[in-house]
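Undergrad: Could you have a look at this structure, given as structure tokens, before my questions?
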Amino acid sequence: MTHMSVSGDSTIGDALLAGIDGSEIYALASQIFPICRSITGEGVRKTLANLGRILTLRLTEIPSGTPVFDWTIPREWTIRQAYIEDDAGRRVVDFRNNPLHVLNYSLPIRARLPLAELKKHIHTIAAQPTLIPYRTSYYAEQWGFCMAHALFEALHETHYNVVIDAALADGHLTYGEFFHRGASDNEVLLSAHICHPGQANDNCSGLALLSHLGARLSRQRTRYSYRIVFAPGTIGALAWLASNETGAARRIKHGLVLSCVGDSGGPTYKKTRRGNCFIDRVMVHVLMHASKTTTVLDFSPFGYDERQYCSPGFDLAVGLFQRSRFGSFPEYHTSADNLDLIGPEHLATSYRILCTAIDIIENDGRFLNLMPKGEPQLGRRGLYASLGGDPKAADTNLAMLWVLNMSDAKHSLLDIAERAGTPFSTIAEAARLLERHGLLQALPEAEPAN
Amino acid sequence: MTHMSVSGDSTIGDALLAGIDGSEIYALASQIFPICRSITGEGVRKTLANLGRILTLRLTEIPSGTPVFDWTIPREWTIRQAYIEDDAGRRVVDFRNNPLHVLNYSLPIRARLPLAELKKHIHTIAAQPTLIPYRTSYYAEQWGFCMAHALFEALHETHYNVVIDAALADGHLTYGEFFHRGASDNEVLLSAHICHPGQANDNCSGLALLSHLGARLSRQRTRYSYRIVFAPGTIGALAWLASNETGAARRIKHGLVLSCVGDSGGPTYKKTRRGNCFIDRVMVHVLMHASKTTTVLDFSPFGYDERQYCSPGFDLAVGLFQRSRFGSFPEYHTSADNLDLIGPEHLATSYRILCTAIDIIENDGRFLNLMPKGEPQLGRRGLYASLGGDPKAADTNLAMLWVLNMSDAKHSLLDIAERAGTPFSTIAEAARLLERHGLLQALPEAEPAN
Amino acid sequence: MTHMSVSGDSTIGDALLAGIDGSEIYALASQIFPICRSITGEGVRKTLANLGRILTLRLTEIPSGTPVFDWTIPREWTIRQAYIEDDAGRRVVDFRNNPLHVLNYSLPIRARLPLAELKKHIHTIAAQPTLIPYRTSYYAEQWGFCMAHALFEALHETHYNVVIDAALADGHLTYGEFFHRGASDNEVLLSAHICHPGQANDNCSGLALLSHLGARLSRQRTRYSYRIVFAPGTIGALAWLASNETGAARRIKHGLVLSCVGDSGGPTYKKTRRGNCFIDRVMVHVLMHASKTTTVLDFSPFGYDERQYCSPGFDLAVGLFQRSRFGSFPEYHTSADNLDLIGPEHLATSYRILCTAIDIIENDGRFLNLMPKGEPQLGRRGLYASLGGDPKAADTNLAMLWVLNMSDAKHSLLDIAERAGTPFSTIAEAARLLERHGLLQALPEAEPAN
């Protein structure tokens with residue numbers, strides 16, 4: 001095993017973490033929050049331009065009409081303005097105030113309508129009367145508005161001027177990619193959807209977090225290559241898969257979809273379709289040690305783009321990492337998923353979890369105990385004494401015994417950490433200490449499992 | 001997979017269920033309840049004659065003295081009358097009032113006895129003083145009566161005339177079989193014991209339920225052949241196994257013993273000896289979705305004729321389906337197991353459970369997703385929209401995603417239903433929908449697992 | 001399978017148990033309790049001499065300086081006297097009162113010291129102020145005393161005369177072995193550490209119990225050979241392993257380390273490194289049926305000499321049997337681990353558990369049901385009747401059915417006992433009964449699994 005750690009005992013995870021306190025992630029999320037995004041169009045490009053100031057992105061533009069597996073790249077949606085005005089000229093709702101007010105991918109309309117007719121085109125949530133829902137209609141042609149149910153209820157009987165100045169025209173679907181070349185061609189995929197407008201947690205948080213992570217990854221030497229994909233949900237992930245079917249998609253050994261990583265809930269990990277991939281073990285290990293409120297979910301074919309990565313024709317080792325589980329928090333897909341819902345401290349914790357996972361991906365490996373008959377005499381080598389004043393001494397001593405006992409060439413450090421119920425970092429540190437004292441020998445890596 | 005369903009979306013289970021409300025099963029159980037049965041004799045033949053009016057039965061008669069594995073077919077027992085009369089000529093108990101009063105397979109007796117002597121031949125249950133126990137003595141030659149303990153306690157000191165007008169003579173053991181030929185020679189065995197007198201739940205309920213099921217099965221085209229065996233407990237099942245050792249017994253792929261299917265308890269499923277047979281998975285799936293009070297028991301070599309079917313020399317895939325578990329309800333093997341203990345609604349529920357299980361047995365199979373790369377665009381095909389007004393829409397949508405995701409030729413519909421935590425019927429319906437839209441292709445069946 | 005039982009239905013376990021009530025074990029523990037032991041020296045030899053009056057021991061002496069894997073046999077430690085005296089000539093602590101007062105393996109010292117200087121060499125437990133701790137310093141050269149913290153706190157400001165009349169000089173490490181030859185060369189290892197001074201539970205209890213067990217084993221004919229090792233902790237076990245690396249260590253099929261078997265807690269079983277060895281199944285089975293307060297622990301590389309036996313270079317099938325788990329009871333490694341902590345009744349229970357385990361090791365085996373088609377007719381053979389008056393009849397009947405059902409040459413008696421949830425003894429008794437009636441045939445043993 002080649003240790004890729006920056007120097008001495010500090011690890012890649014440490015290096016990626018240094019100086020991050022979540023405020024920089026929050027700032028970037030805040031910056032892209034107001035942009036009106038959809039699965040195509042100017043909003044996506046503007047968002048990628050903002051992220052591109054943090055990390056180097058390669059953009060791909062796929063023309064409308066291009067077939068993508070069972071789908072077709074849709075026409076590009078452009079929205080300029082949208083509002084409802086009553087007969088007295090008062091604006092009831094205005095797209096400028098909140099991009100959620102217009103049904104995403106709405107057809108254009110310019111009409112004067114009686115209330116009854118207008119109501120057929122308005123979406124609300126009766127159970128959350130003060131919130132604007134986030135609704136889309138990508139593939140069924142219709143026009144519509146979204147508003148607070150209380151406002152909807154208060155609409156008086158009159159005629160309304162309805163304006164949606166939008167266009168659906170041939171254009172492109174855009175996605176952005178960051179790539180960091182590691183020692184091996186094997187790739188780690190990190191993917192976040194870029195299509196939701198006015199949703200801070202879902203998914204400005206994921207976009208901002210991965211941007212900062214990518215920026216820092218590019219300054220490290222790593223074992224794996226890392227690919228970050230920012231693509232519109234479903235159609236964007238399908239487009240990426242179609243474009244990379246015989247290339248990058250085959251090199252992905254471990255992967256994560258990220259979304260909703262900025263709120264105070266969770267953490268939540270949803271397993272890959274196969275359910276026992278290396279990334280599943282890594283994330284369960286990291287989350288279980290990170291928090292007592294961890295939820296681990298089995299795979300289901302409902303959620304984010306793991307649906308596509310885990311479709312049977314690909315079956316990639318891609319799980320989903322979140323704070324609160326999608327659909328489970330009341331702000332989900334409403335105007336309440338705003339910048340108040342997410343916080344720098346939660347973004348920092350999510351970032352730290354990801355760095356801990358990367359540390360395992362980068363540093364897991366098998367060792368051979370060179371003194372396998374009985375325990376070696378650690379005291380003679382100062383391996384107990386050297387830790388005398390250290391409050392972590394007992395943990396480290398036990399970790400050394402675990403590493404020695406299990407390092408029979410069959411068990412990796414993660415295997416040992418799982419069996420010992422000890423964080424990977426403690427086990428890996430013990431292994432480094434024993435290796436330095438000639439008691440342990442790193443074994444050459446096999447092709448990474450996934 | 002050939003769908004054997006009657007037409008369109010209605011399944012064999014639906015067809016078997018149509019019009020059944022339990023009253024017809026209860027009526028048949030009531031009809032056979034008063035007949036005095038034993039492991040041989042006129043009672044068994046009379047019972048089979050009654051059932052034979054509902055479904056076509058083939059009777060087998062095996063002469064007394066015929067060796068059956070480690071056993072021998074016993075002499076046939078005929079009971080004409082039995083009573084105890086006190087010196088004043090008052091009848092203390094009379095077989096005509098309840099067949100339980102005479103020890104089943106009692107030797108004949110005609111004697112005048114003092115109380116003390118009589119008491120040695122009387123069986124009661126002290127803990128249930130108003131109930132007559134059901135007792136047998138098939139293989140140890142003795143005579144005896146059964147009565148309520150309260151009555152027994154009240155017997156006064158006098159002499160008693162004791163009459164059991166019974167005969168043990170060479171004759172036959174009788175069992176009945178229903179057979180329905182399906183597309184395949186592979187058989188499903190359904191077995192119910194026919195020997196208990198005066199026990200409504202144990203097992204008039206099972207006999208009546210299977211009779212109506214058989215009658216309806218005979219009107220269906222099925223994948224499997226179905227065999228229903230009505231035989232005396234233990235010796236009857238052994239006789240059937242001995243007669244079919246090289247024939248039908250080898251063709252049985254899945255089987256169930258039924259008894260006590262008319263009371264309000266349970267449902268209970270006791271697994272096959274192997275414990276992980278297809279029938280085990282089917283019954284656990286059906287019962288878990290049918291009721292929150294389901295009990296699943298591991299196999300034990302104590303119970304009904306699954307003991308014989310699951311003996312190591314056969315080791316058939318035969319489980320036990322019940323409402324209340326045998327021995328666990330207070331009425332078990334007493335005069336309180338009468339027609340008040342069972343009800344049409346419980347019989348109907350048990351019948352429905354069996355039909356649901358048959359639906360899985362008939363319709364399970366593997367499919368291939370023909371669009372395995374990413375999700376196919378269901379909306380374009382109206383597969384979301386077409387379900388708009390349907391309250392089951394969300395379930396069906398999710399079921400379609402599960403079927404698509406898991407249909408990689410490795411997973412059967414039952415595998416998918418288990419993983420999705422969704423009833424088989426919902427998964428199977430989704431598969432039919434997807435197949436009609438060209439997204440799924442049925443795979444040829446392998447030899448059925450069991 | 002050759003039944004090694006003494007005669008008829010009584011088993012080796014019964015024979016080993018006969019007449020043992022714990023008082024003889026307690027008496028032996030009391031006898032060796034006062035001896036000052038260490039990992040080398042006169043104390044160990046004196047202890048072995050005492051045990052050697054009960055069972056035949058072969059002693060091995062290994063010279064100081066002999067390399068043992070990664071270790072070296074240390075110089076031998078001799079302690080004659082040790083005390084602290086204040087300026088007024090009052091003895092503060094005296095080794096003669098308790099061997100714990102001197103740091104085990106302390107260097108000699110003879111000095112007059114001010115309180116401040118003395119305190120640097122005194123070990124106490126602040127949280128248990130009335131107890132003397134048990135401390136050692138085998139491999140770091142230092143001198144020291146141990147005392148109650150209350151006493152330590154009360155020391156007044158003066159000078160103290162400090163005397164430790166000890167010597168570290170070339171000598172030997174000593175261990176003792178008992179060996180009982182059975183029908184096979186395959187060995188069962190029972191191991192107890194012999195180095196702790198003034199600790200009744202840890203481990204006079206283990207030494208005394210195994211001595212009495214060995215004495216009785218030597219009078220039995222057994223299937224396995226039995227080896228009992230009394231060796232100093234760690235270095236002694238390593239020395240034994242080094243001396244027997246190509247011999248006895250390879251013949252060990254099942255093993256247990258014993259310590260702390262005399263207190264009222266537990267019982268506790270810590271599994272072997274492999275975790276699913278035969279000895280693991282035996283001990284879990286025995287303990288689960290023996291007590292509702294059983295604790296079963298997974299292996300960890302911390303504890304007693306199972307650490308050495310289970311090191312990856314040996315990976316022997318050796319578990320740890322205790323009452324209270326080491327380190328978990330407040331008296332552990334203090335002066336409160338004295339003869340009050342252990343009791344004859346607890347020693348007897350531990351002894352009984354060991355005998356039950358030996359019964360399984362000696363008598364487990366596979367049988368073949370000679371009437372595998374259906375159940376054989378037990379009643380005809382008097383196998384039900386013969387048990388009529390026996391309160392264990394129902395258990396034995398059910399046990400016979402389990403044995404018959406599972407004896408397909410694939411399942412051993414322990415497999416059956418585990419599946420039936422029935423004590424091994426009941427299953428084994430049923431098997432003997434069925435074998436006597438010609439229904440069961442013992443199968444020749446394969447090489448014992450471990």
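Identifiers in the structure tokens: chain A, B, ... in order shown; residue index from 1 per chain; ligand index from 1 in order shown.
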Show which residues sit within 7 Å of C:Thr174, as a PyMOL selection string. Count only C-alpha atoms, and ignore same-chain residues fewer than 2 positions away.

TA: chain C and resi 40+44-45+59-62+172+176

Undergrad: Do you have, as JSON lines, the list of residues of chain A lying at most 9 Å from chain C, each with its nearest atom pair and that distance in Å to one decimal, counting only C-alpha atoms and ordered by chain then number?

TA:
{"residue": "A:Asn369", "atom": "CA", "partner": "C:Pro312", "partner_atom": "CA", "distance": 8.1}
{"residue": "A:Met371", "atom": "CA", "partner": "C:Asp70", "partner_atom": "CA", "distance": 7.1}
{"residue": "A:Pro372", "atom": "CA", "partner": "C:Gly313", "partner_atom": "CA", "distance": 4.4}
{"residue": "A:Lys373", "atom": "CA", "partner": "C:Gly313", "partner_atom": "CA", "distance": 4.4}
{"residue": "A:Gly374", "atom": "CA", "partner": "C:Gln308", "partner_atom": "CA", "distance": 4.4}
{"residue": "A:Glu375", "atom": "CA", "partner": "C:Gln308", "partner_atom": "CA", "distance": 6.3}
{"residue": "A:Pro376", "atom": "CA", "partner": "C:Asp70", "partner_atom": "CA", "distance": 5.3}
{"residue": "A:Gln377", "atom": "CA", "partner": "C:Trp71", "partner_atom": "CA", "distance": 6.2}
{"residue": "A:Gly379", "atom": "CA", "partner": "C:Tyr139", "partner_atom": "CA", "distance": 7.5}
{"residue": "A:Arg380", "atom": "CA", "partner": "C:Tyr139", "partner_atom": "CA", "distance": 7.6}
{"residue": "A:Leu398", "atom": "CA", "partner": "C:Phe302", "partner_atom": "CA", "distance": 7.3}
{"residue": "A:Leu401", "atom": "CA", "partner": "C:Pro301", "partner_atom": "CA", "distance": 5.8}
{"residue": "A:Trp402", "atom": "CA", "partner": "C:Pro301", "partner_atom": "CA", "distance": 5.9}
{"residue": "A:Leu404", "atom": "CA", "partner": "C:Pro312", "partner_atom": "CA", "distance": 8.0}
{"residue": "A:Asn405", "atom": "CA", "partner": "C:Ser311", "partner_atom": "CA", "distance": 5.6}
{"residue": "A:Met406", "atom": "CA", "partner": "C:Pro312", "partner_atom": "CA", "distance": 6.8}
{"residue": "A:Ser407", "atom": "CA", "partner": "C:Pro312", "partner_atom": "CA", "distance": 7.6}
{"residue": "A:Asp408", "atom": "CA", "partner": "C:Pro312", "partner_atom": "CA", "distance": 6.2}
{"residue": "A:Arg419", "atom": "CA", "partner": "C:Ser300", "partner_atom": "CA", "distance": 8.8}
{"residue": "A:Ala420", "atom": "CA", "partner": "C:Ser300", "partner_atom": "CA", "distance": 7.4}

Undergrad: Residues at most 6 Å from A:Ile342, counting only C-alpha atoms, excluding those fewer than 3 positions away in the same chain, as a list in words?

TA: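 Result of the neighbour search: Gly262, Asp263 and Leu339 of chain A.
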
Undergrad: Name the residues in contact with stretch 48-55 of chain A at a cut-off of 12 Å, using only C-alpha atoms, excluding same-chain residues fewer than 4 positions from it; report them as a ChimeraX atom specification.

TA: /A:24-25,27-35,37,40-44,59-60,174-180,192-195,204-219,227-232

Undergrad: DSSP on the backbone, then: every residue of stretch 122-186 of chain C marked strand (DSSP E or B), written as a count of residues only.

TA: 26

Undergrad: Name the residues in contact with C:His156 at a cut-off of 12 Å, using only C-alpha atoms, excluding same-chain residues fewer than 3 positions from it; report them as a short mmCIF file (atom, residue, chain, number, x, y, z; two decimals) with C-alpha atoms, in the first residue's frame.

TA:
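Final output, selection.cif:
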data_model
loop_
_atom_site.label_atom_id
_atom_site.label_comp_id
_atom_site.auth_asym_id
_atom_site.auth_seq_id
_atom_site.Cartn_x
_atom_site.Cartn_y
_atom_site.Cartn_z
CA GLU C 85 9.09 2.24 58.25
CA ASP C 86 8.68 5.78 59.51
CA ASP C 87 11.33 7.57 61.51
CA ALA C 88 9.69 6.38 64.71
CA VAL C 92 3.62 1.61 57.43
CA PRO C 114 11.73 12.10 52.58
CA LEU C 115 7.97 11.67 52.04
CA ALA C 116 7.95 13.54 48.73
CA LEU C 118 8.87 8.09 48.64
CA LYS C 119 5.50 9.05 47.15
CA LEU C 151 -3.14 5.15 54.20
CA PHE C 152 -1.16 6.99 51.56
CA GLU C 153 -3.11 10.17 52.24
CA HIS C 159 11.69 10.51 56.56
CA TYR C 160 11.02 6.83 55.84
#

Undergrad: Pick out the residues sitting within 10 Å of C:Phe326, and hand them over as a ChimeraX atom specification; count only C-alpha atoms, and ignore anything fewer than 4 positions along from it in its own chain.

TA: /C:201-202,259-260,268,303-304,322,330-333

Undergrad: Export C-alpha atoms of the chosen residues as a compact mmCIF listing (two decimals), in the first residue's frame?

TA:
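Wrote out15.txt, looks like this:
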# COMPACT_ATOMS: atom_id res chain seq x y z
CA ASN C 201 -10.61 -15.30 41.91
CA ASP C 202 -7.88 -14.27 39.46
CA SER C 259 -9.79 -17.57 35.14
CA CYS C 260 -12.02 -15.90 37.71
CA THR C 268 -19.11 -15.30 30.76
CA GLY C 303 -7.67 -10.52 28.15
CA TYR C 304 -5.74 -13.62 29.24
CA GLN C 322 -15.08 -16.95 33.41
CA PRO C 330 -14.60 -3.90 41.46
CA GLU C 331 -12.36 -6.33 43.32
CA TYR C 332 -10.36 -7.06 40.15
CA HIS C 333 -6.60 -6.61 40.67

Undergrad: Which polymer residues have any atom within 7 Å of an atom of C:Pro344, counting only C-alpha atoms, with same-chain residues fewer than 2 positions away left out, as a ChimeraX atom specification?

TA: /C:22-23,25-26,346-348

Undergrad: Atoms to include: C-alpha atoms. Write the selected residues as a short mmCIF file (atom, residue, chain, number, x, y, z; two decimals), in the first residue's frame.

TA:
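Written file, again06.cif:
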data_model
loop_
_atom_site.label_atom_id
_atom_site.label_comp_id
_atom_site.auth_asym_id
_atom_site.auth_seq_id
_atom_site.Cartn_x
_atom_site.Cartn_y
_atom_site.Cartn_z
CA GLY C 22 -16.92 -27.14 45.55
CA SER C 23 -15.49 -27.38 49.05
CA ILE C 25 -11.78 -26.78 45.15
CA TYR C 26 -12.17 -23.95 47.63
CA HIS C 346 -19.69 -20.90 42.56
CA LEU C 347 -16.64 -23.08 42.06
CA ALA C 348 -18.94 -26.10 41.92
#

Undergrad: Using backbone DSSP assignments, extract all helix (DSSP H, G or I) residues from stretch 122-339 of chain C; output them as a PyMOL selection string.

TA: chain C and resi 149-154+200-217+235-243+248-251+278-290+306-309

Undergrad: Given the choices B:Ile132, B:Val93, B:Ile73, B:Ala18, which gets closest to B:Asp170 if the distance is worked out from only C-alpha atoms?

TA: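 Checking each of B:Ile132, B:Val93, B:Ile73, B:Ala18 against B:Asp170, counting only C-alpha atoms, the winner is B:Ile73.
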